Amino acid sequence: MSLRPWRPIRAVLIVSGMLRHPLRPHLGPDDLVALYGPEWGERMALTSGRAPDAVFALIDRHKIDCAPTRGGFLYVARTRVRLRSIEKLAEEWRQRGVDAVTLDRPATAAILGTTAYLGGYFDPRAGTIQPLSYTRGLAKAALRAGASVFAGVRAKSLRRNGGRWLIETSQGPMSAPTVIIATNAYTTGLIGRLSRSVLRIHSVQLATAPIPEEIRRTILPAEQSCSDNHADIRYFRWDQEGRFVLGGPGWFTPPRTPNSTSFRRLERSLKEMFPQLRTFDVAHRWFGAGALTLDTIPHLHEPRPGIFAALGYNGRGIALGTVRARGASSARRSRAHSSVSPNAASHASVQRRIRTPPHRCGFQSTVWKGQGRDSLGPPLARKRGACHGQDRRSA
Ligand SMILES: Cc1cc2nc3c(=O)[nH]c(=O)nc-3n(C[C@H](O)[C@H](O)[C@H](O)COP(=O)(O)OP(=O)(O)OC[C@H]3O[C@@H](n4cnc5c(N)ncnc54)[C@H](O)[C@@H]3O)c2cc1C
């Protein structure tokens, strides 16, 4: 039985404009202003807050069939400390004109169908999509606009050849005046130390079989999506076929089988948090890699003239990647990347901070420690048959 790295075949992902990090509950508008100053901070907050609009506008414009829903997003907390930070975040968005509604414990439980949370806030801007269908829709739109798309081709090396970049691929050479690298957590040694600007972490998700309507009405009844703000995060929603989808961080190493600790922890959360789903089998399990950055912000780099790299989405790349791609493309046109990203300038220092193996180990262990401290429960003892259902990849 083998699991291969995630391809979002059945994944249904939350589109949220918020920046998130496993160690910090959120990076709100005020944090961005504190980090980058009023001009850049406000600009970044506005861009991230409007990122879902950009995605839904593209979906409309190109008529992308990707099960879009715009039910809004609940951001919730299990502890008082985390709840305070959520309330502060809601207030910061309210000050910027967003209709962010704070929810007390009973209101949260009534919407979520679980008593696991103390409260939260509702953000109407977010929605959900089927990410693979979205990606395919974008590819089709690019093809219609005259682009060529090569699937299943690996770029192996890049080198300067006259005024162009020569790309050696698994299916022969190509050349181009400009290259944009968008390999996020899967970045390897293609260019310098780019892979060292991010830390790869694994996220896991599972989905139940389709659930009857009367039970579905007890959890997120208006197509909302939800995430908590803990390092041992849980996020959930319904997919278009009535499956309940729950995600969380991987436990240390990528899961190798459906019985891996990462999946079993998630399945235990599902049954503990949502007793009404206890009798339903988990039908699908999958995982993938996300890229963390030290400053929790996605990065745009220009490591060599004519090569741009956009990566480090900290688990929020669907909407942010869409707006970042526009940034990379306008940087390519204007060749002034500092006009689209303040941290493009901090590229060197970011790399320096996690450049060496000890730095990387330190960052990784801080992430793990954060998750352990914040954990919903101890890791499970290995027990055969603890996972029910069938893994699509094992068939
Ligand atoms: C389980 C899970 C849940 C998630 N949930 C959410 C969510 O709810 N909301 C959200 O916004 N984000 C979510 N994310 C994060 C989101 O998927 C990523 O941020 C996003 O996919 C990043 O997009 P990307 O195009 O930059 O990189 P990717 O989607 O990772 O694509 C990079 C691609 O580059 C390819 N590649 C790498 N090296 C080479 C090479 N040398 N040559 C050719 N190709 C190469 C890889 O094969 C890969 O296909 C989740 C991620 C996971 C794993």
# chains A, B, ... in the order shown; residues from 1 in each chain; ligands from 1
>>> residues_near_ligand(ligand="ligand 1", cutoff="7 Å", atoms="only C-alpha atoms and all ligand atoms", output="PyMOL selection string")
chain A and resi 6+13-16+153-156+182-188+190+202-205+247+286-290+310-311+313-321
>>> residues_around(residues="Ile167 of chain A", least_positions_apart="4", cutoff="7 Å", atoms="only C-alpha atoms", output="ChimeraX atom specification")
/A:155,157-159,173-175
>>> write_last_selection(atoms="C-alpha atoms", output="short mmCIF file (atom, residue, chain, number, x, y, z; two decimals), in the first residue's frame")
data_model
loop_
_atom_site.label_atom_id
_atom_site.label_comp_id
_atom_site.auth_asym_id
_atom_site.auth_seq_id
_atom_site.Cartn_x
_atom_site.Cartn_y
_atom_site.Cartn_z
CA ALA A 155 12.97 21.07 -15.10
CA SER A 157 18.72 22.71 -14.60
CA LEU A 158 18.86 26.34 -15.61
CA ARG A 159 21.72 28.10 -17.24
CA PRO A 173 15.84 21.60 -23.63
CA MET A 174 13.74 24.76 -23.76
CA SER A 175 14.77 28.39 -23.67
#
>>> select_by_dssp(residues="segment 134-282 of chain A", states="helix (DSSP H, G or I)", output="CSV table (one decimal) with C-alpha atoms, in the first residue's frame")
chain,number,residue,atom,x,y,z
A,134,TYR,CA,-9.5,25.5,-10.5
A,135,THR,CA,-5.9,24.8,-11.7
A,136,ARG,CA,-7.2,23.0,-14.8
A,137,GLY,CA,-9.5,25.9,-15.5
A,138,LEU,CA,-6.6,28.3,-15.3
A,139,ALA,CA,-4.5,26.1,-17.6
A,140,LYS,CA,-7.3,26.0,-20.1
A,141,ALA,CA,-7.6,29.8,-20.0
A,142,ALA,CA,-3.9,30.1,-20.5
A,143,LEU,CA,-4.1,27.8,-23.5
A,144,ARG,CA,-6.9,29.8,-25.0
A,184,ASN,CA,6.6,26.2,-3.5
A,185,ALA,CA,7.3,23.3,-1.0
A,186,TYR,CA,8.6,21.1,-3.8
A,194,LEU,CA,16.1,28.9,-3.0
A,195,SER,CA,14.9,25.7,-1.3
A,196,ARG,CA,16.5,26.9,1.9
A,197,SER,CA,14.2,30.0,2.0
A,213,GLU,CA,-28.7,15.7,4.3
A,214,GLU,CA,-30.3,15.7,7.8
A,215,ILE,CA,-26.9,15.3,9.4
A,216,ARG,CA,-25.2,17.8,7.1
A,261,THR,CA,-0.3,8.5,13.1
A,262,SER,CA,-1.1,11.7,11.1
A,263,PHE,CA,-4.2,10.2,9.7
A,264,ARG,CA,-5.3,8.4,12.9
A,265,ARG,CA,-5.0,11.7,14.9
A,266,LEU,CA,-7.2,13.4,12.4
A,267,GLU,CA,-9.7,10.6,12.4
A,268,ARG,CA,-9.8,10.7,16.1
A,269,SER,CA,-10.5,14.4,16.0
A,270,LEU,CA,-13.3,13.8,13.6
A,271,LYS,CA,-15.0,11.4,15.9
A,272,GLU,CA,-14.4,13.4,19.1
A,273,MET,CA,-15.4,16.7,17.7
A,275,PRO,CA,-20.1,12.7,17.3
A,276,GLN,CA,-22.9,12.8,14.7
A,277,LEU,CA,-20.3,11.6,12.1
>>> atom_distance(atom1="atom CA of Gln240 of chain A", atom2="atom CA of Thr102 of chain A")
27.2 Å
>>> residues_around(residues="Ala100 of chain A", least_positions_apart="6", cutoff="7 Å", atoms="only C-alpha atoms", output="list in words")
Ala90, Trp93, Arg94, Tyr121, Phe122 and Asp123 of chain A
>>> write_last_selection(atoms="C-alpha atoms", output="short mmCIF file (atom, residue, chain, number, x, y, z; two decimals), in the first residue's frame")
data_model
loop_
_atom_site.label_atom_id
_atom_site.label_comp_id
_atom_site.auth_asym_id
_atom_site.auth_seq_id
_atom_site.Cartn_x
_atom_site.Cartn_y
_atom_site.Cartn_z
CA ALA A 90 -11.95 40.65 13.91
CA TRP A 93 -10.77 43.95 9.99
CA ARG A 94 -13.87 45.80 11.20
CA TYR A 121 -15.44 35.26 14.21
CA PHE A 122 -17.15 35.05 10.85
CA ASP A 123 -15.51 36.59 7.80
#
>>> atom_distance(atom1="atom CA of Leu206 of chain A", atom2="atom CA of Thr115 of chain A")
20.7 Å
>>> closest_residue(among="A:Pro52, A:Gly312, A:Gly250, A:Pro29", to="Ile129 of chain A", atoms="only C-alpha atoms")
A:Pro52
